[in-house]
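Input: a single structure, listed below in structure tokens.
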Amino acid sequence: MAEVRPDEVSSILRKQLSGFDSEAEVYDVGTVLQVGDGIARVYGLSKVMASELVEFPNDVMGMVLNLEEDSVGCVLFGESSLIKEGDIVKRTKRLASFPVGEALLGRVVNPLGVPVDAKGPVNHEKFMPIERKALGVIARQPVKEPLQTGIVSVDAMIPIGRGQRELIIGDRQTGKTAVAVDAIINQKYTHSEEAKAVGVNPVFCVYVAIGQKDSTVAQVVAKLEQHGAMEYTTVVSAPASTPAPLQYIAPYSGATLGEFFRDNGKHALVVYDDLSKQAVAYRELALLLRRPPGREAYPGDVFYLHSRLLERASKLNDSLGGGSLTALPIIETQQGDVSAYIPTNVISITDGQIYLEPNLFNAGVRPAINVGISVSRVGGNAQIKAMKKVAGSLKLDLAQFRELAAFAKFGSDLDKATQRTLAKGERLVELLKQGQYMPVPVEKQVISVYAGTQGYLESIPVKDVKRFEKELIEYIDVNYPEIFKVIRETKTLGDEVIVTIKKALEEFLGKFKK
Amino acid sequence: MGKLNISNRYAKAFIETANEKKVIEKVTEDMQLIQNVLENSRELRTFLSNPIMNDTKKIEVLSAIFSDKLCDVSLSFLKFIVEKKRINMLIDISRRFNDIRDESLRISNAEVITATQIDDTQKEMLKTNLESFTKKKLRMKFKTDDSIIGGFKVRILDQIIDATLKNQLNKLKKKLLEESISVN
């Protein structure tokens, strides 16, 4: 039997106690005047700062939001039933902050940085304040590197650049989260040796879940784990069961972690899923703090709530390391109403939006992206040259198709040209369909889009388009692997490559028809 | 307008008039007396805030209580706030008056809690030390509370200087719980 000697125990205890100083502690205090609904009014705390963390009894933390003439309004990050009138409140002299560091990758934490995944404590590097002023003009440079989402319709027509803010908007059950999760999974490639060789820098991801069901968050985490995406991802979880103040600060916490990567010259992608729930949580807080309500009962500064968050997305200039923070906010609309308060606000803040429509979703067009009204204001700068070259006509073809499709419903006698445009459009729509969790590398996207826009699909029945695409990619992978290699490395589509692609396509077309 | 706002205005105005008439010392004493009396007598407080009692009655009662203790300036101030229908806020006004005076004279109240009674020399030492620490004159108030086990605790306005054994034990407990003890 193993023995523990008493002197061993006491030496360990002595070691633990060695760092303990027994000096008098000086702190500032206040008294709780009123408490309820997650809000406490405190008398005293005369030197407290706005958004400072304060300590209530029973280990409940709070954050100061209102500084008034004779009292201080605090929001509570814990149960308000644990606090009673007359309790002593202590200042911490620390602004609300979030632990940052590489150690957070692969973890699920709450908005205060406390792990909720039962994997033990997080060895963070340091704390950074969750509210930071966004960088100014001097520190930035234009967005120019692509952030590949692996979704063909996005990467081809609504390209997202590193440092951009692209809104994902749509009704419930239209696959908004799926687009974001696919984008995270597709970043796995950027962490490979292969990507390093062709000069693609790794992208670290943060997924902020606000006001969602715990089961949904668990599902997303499981999916990310299954695809090996948790290695470079942190999930900040503020599910529906957490108090409104935590849901309110969750996106800022996520942005802080993203900024840590950005400021160290790395690249980060932060998904805010979703900001409409955050606005609702903030409305709850603001009303309880008796701030005057405005349109849809949101407080007056709800625009600033989102603008200060999204403005933190940026591409740093090279003297600051050239890091980037890309933001993918998600907004849920009610019955497709994009002219409601929060959607219009966020649309105007972001650099473009991806519209998801239930009609398309139900018609089997998945991802249900309406490419007609989706835009990316950064545009072609965020695409590799090869993609820019082939995708140019794609958007045009689809626009023509939609215009004619509306007319074609009325008449049956159509001329040849119209029929051709319609046929091409149908095939392109089919080509852009894509399964969930199946991101496509950019070089393969280029080939598919090239085949679609150059009319190689004309003789293929619509139902066979997907099979054609799949087999085409396999065929090129086996017989002409140099095509993919050249696109990957040079990122351009030179004349020689186009000749090879044409050759390969014609060969394959002949084989496919047999 | 909030309570604080109103009492602030009356208190400041009264300080200014007292300064002009050069009776500020006497008036300060008066206001301290008024605050003490009101804090100790619930009856007087309810009487003054009772709307059924008319103003003449209130003035009569106030002068009966205070006439030989207060100076003329203070008495006329009392009459003035009765006329202005703010007599129900007399306690807030007197508190605010004393706070403002303390602030300008750099005096604070200090509440000292010790586990056992301490003698006068210790009290004097504590006072001089605290005064040099806070750079303010202190009005000391001593209390005992054995739940703090040992040491002392001082509260000056919103600041607490905590040198109690209880606090140190709590801190130690927190520290030990944070760092899980690892053998080797």
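Each chain of the structure tokens is named A, B, ... in the order shown, its residues numbered from 1; ligands are numbered from 1 in display order.
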
Using only C-alpha atoms, I'd like a table of the residues in chain B that come within 6 Å of chain A; for each, show the closest atom pair and its distance in Å rounded to one decimal, ordered by chain and ascending number, as CSV.
residue,atom,partner,partner_atom,distance
B:Asp158,CA,A:Val29,CA,5.3
B:Gln159,CA,A:Asp28,CA,4.4
B:Ile160,CA,A:Tyr27,CA,5.3
B:Ile161,CA,A:Val26,CA,4.4
B:Asp162,CA,A:Glu25,CA,5.0
B:Ala163,CA,A:Ala24,CA,4.3

Using only C-alpha atoms, determine which residues lie at most 12 Å from stretch 90-105 of chain B, disregarding the query and same-chain residues fewer than 4 positions distant; provide the list as an MDAnalysis selection string.
chainID B and resid 2:16 18:19 24:25 27:42 44:49 62 74 77:82 84:86 109 135:139 157

Using the chain letters and numbers from this document, which residues of chain B does DSSP assign to strand (DSSP E or B), as number ranges by chain?
B: 107-114, 137-144, 151-156, 159-164

Skip A:Asp214 itself and residues of its chain fewer than 5 positions away, then list as a list in words all residues within 10 Å of it, counting only C-alpha atoms.
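The filter keeps Ala209, Gln219, Ser237, Ala238, Pro239, Ala240 and Ser241 of chain A.
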
Could you write those residues out with C-alpha atoms, as a short mmCIF file (atom, residue, chain, number, x, y, z; two decimals), in the first residue's frame?
data_model
loop_
_atom_site.label_atom_id
_atom_site.label_comp_id
_atom_site.auth_asym_id
_atom_site.auth_seq_id
_atom_site.Cartn_x
_atom_site.Cartn_y
_atom_site.Cartn_z
CA ALA A 209 -24.05 31.03 -30.44
CA GLN A 219 -25.12 19.54 -32.60
CA SER A 237 -22.00 29.71 -26.18
CA ALA A 238 -24.74 31.86 -24.63
CA PRO A 239 -27.78 29.61 -25.04
CA ALA A 240 -31.37 30.67 -24.45
CA SER A 241 -31.18 29.58 -20.81
#

Compare A:Ala183, A:Ile39, A:Ala50, A:Ala268 by their minimum atom-to-atom distance to A:Gly323, counting only C-alpha atoms, and give me the closest one.
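For A:Gly323, the nearest of the candidates is A:Ala268.
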
Run DSSP on the backbone and tell me which residues of stretch 53-262 of chain A come out as alpha helix (DSSP H); list them as an NGL selection string.
:A and (152-157 or 176-186 or 193-197 or 214-226 or 244-262)

If we count only C-alpha atoms and set the cut-off at 8 Å, which residues sit around stretch 424-429 of chain A, ignoring sequence neighbours fewer than 4 positions away in its own chain? Please answer as a compact mmCIF listing (two decimals) with N, CA and C atoms, in the first residue's frame.
# COMPACT_ATOMS: atom_id res chain seq x y z
N VAL A 365 -33.57 23.82 -53.94
CA VAL A 365 -32.33 24.51 -54.28
C VAL A 365 -31.60 24.78 -52.96
N ASP A 397 -25.72 35.20 -66.73
CA ASP A 397 -26.56 34.11 -67.26
C ASP A 397 -27.74 33.84 -66.35
N LEU A 398 -27.46 33.80 -65.05
CA LEU A 398 -28.53 33.50 -64.09
C LEU A 398 -29.55 34.63 -64.04
N PHE A 401 -31.72 34.30 -67.00
CA PHE A 401 -32.60 33.15 -66.81
C PHE A 401 -33.81 33.51 -65.95
N ARG A 402 -33.54 34.22 -64.85
CA ARG A 402 -34.64 34.59 -63.94
C ARG A 402 -35.65 35.49 -64.63
N ARG A 420 -32.90 28.31 -75.30
CA ARG A 420 -31.52 28.00 -74.94
C ARG A 420 -31.14 28.65 -73.62
N LYS A 433 -26.34 23.64 -56.84
CA LYS A 433 -26.83 22.90 -55.67
C LYS A 433 -25.66 22.16 -55.04
N GLY A 452 -20.12 24.90 -66.79
CA GLY A 452 -21.48 25.42 -66.83
C GLY A 452 -21.62 26.61 -67.75
N THR A 453 -20.71 27.57 -67.63
CA THR A 453 -20.88 28.81 -68.39
C THR A 453 -20.47 28.65 -69.85
N GLY A 455 -21.19 26.23 -71.73
CA GLY A 455 -22.19 25.49 -72.47
C GLY A 455 -21.93 24.00 -72.61
N LEU A 457 -22.85 21.85 -70.62
CA LEU A 457 -23.93 21.10 -70.01
C LEU A 457 -25.17 21.03 -70.90
N GLU A 458 -25.13 21.75 -72.04
CA GLU A 458 -26.33 21.87 -72.86
C GLU A 458 -26.95 20.54 -73.23
N VAL A 462 -31.14 17.75 -67.20
CA VAL A 462 -31.01 18.48 -65.94
C VAL A 462 -30.75 17.53 -64.77
N VAL A 465 -27.06 16.56 -64.22
CA VAL A 465 -26.03 17.58 -64.10
C VAL A 465 -25.11 17.33 -62.91
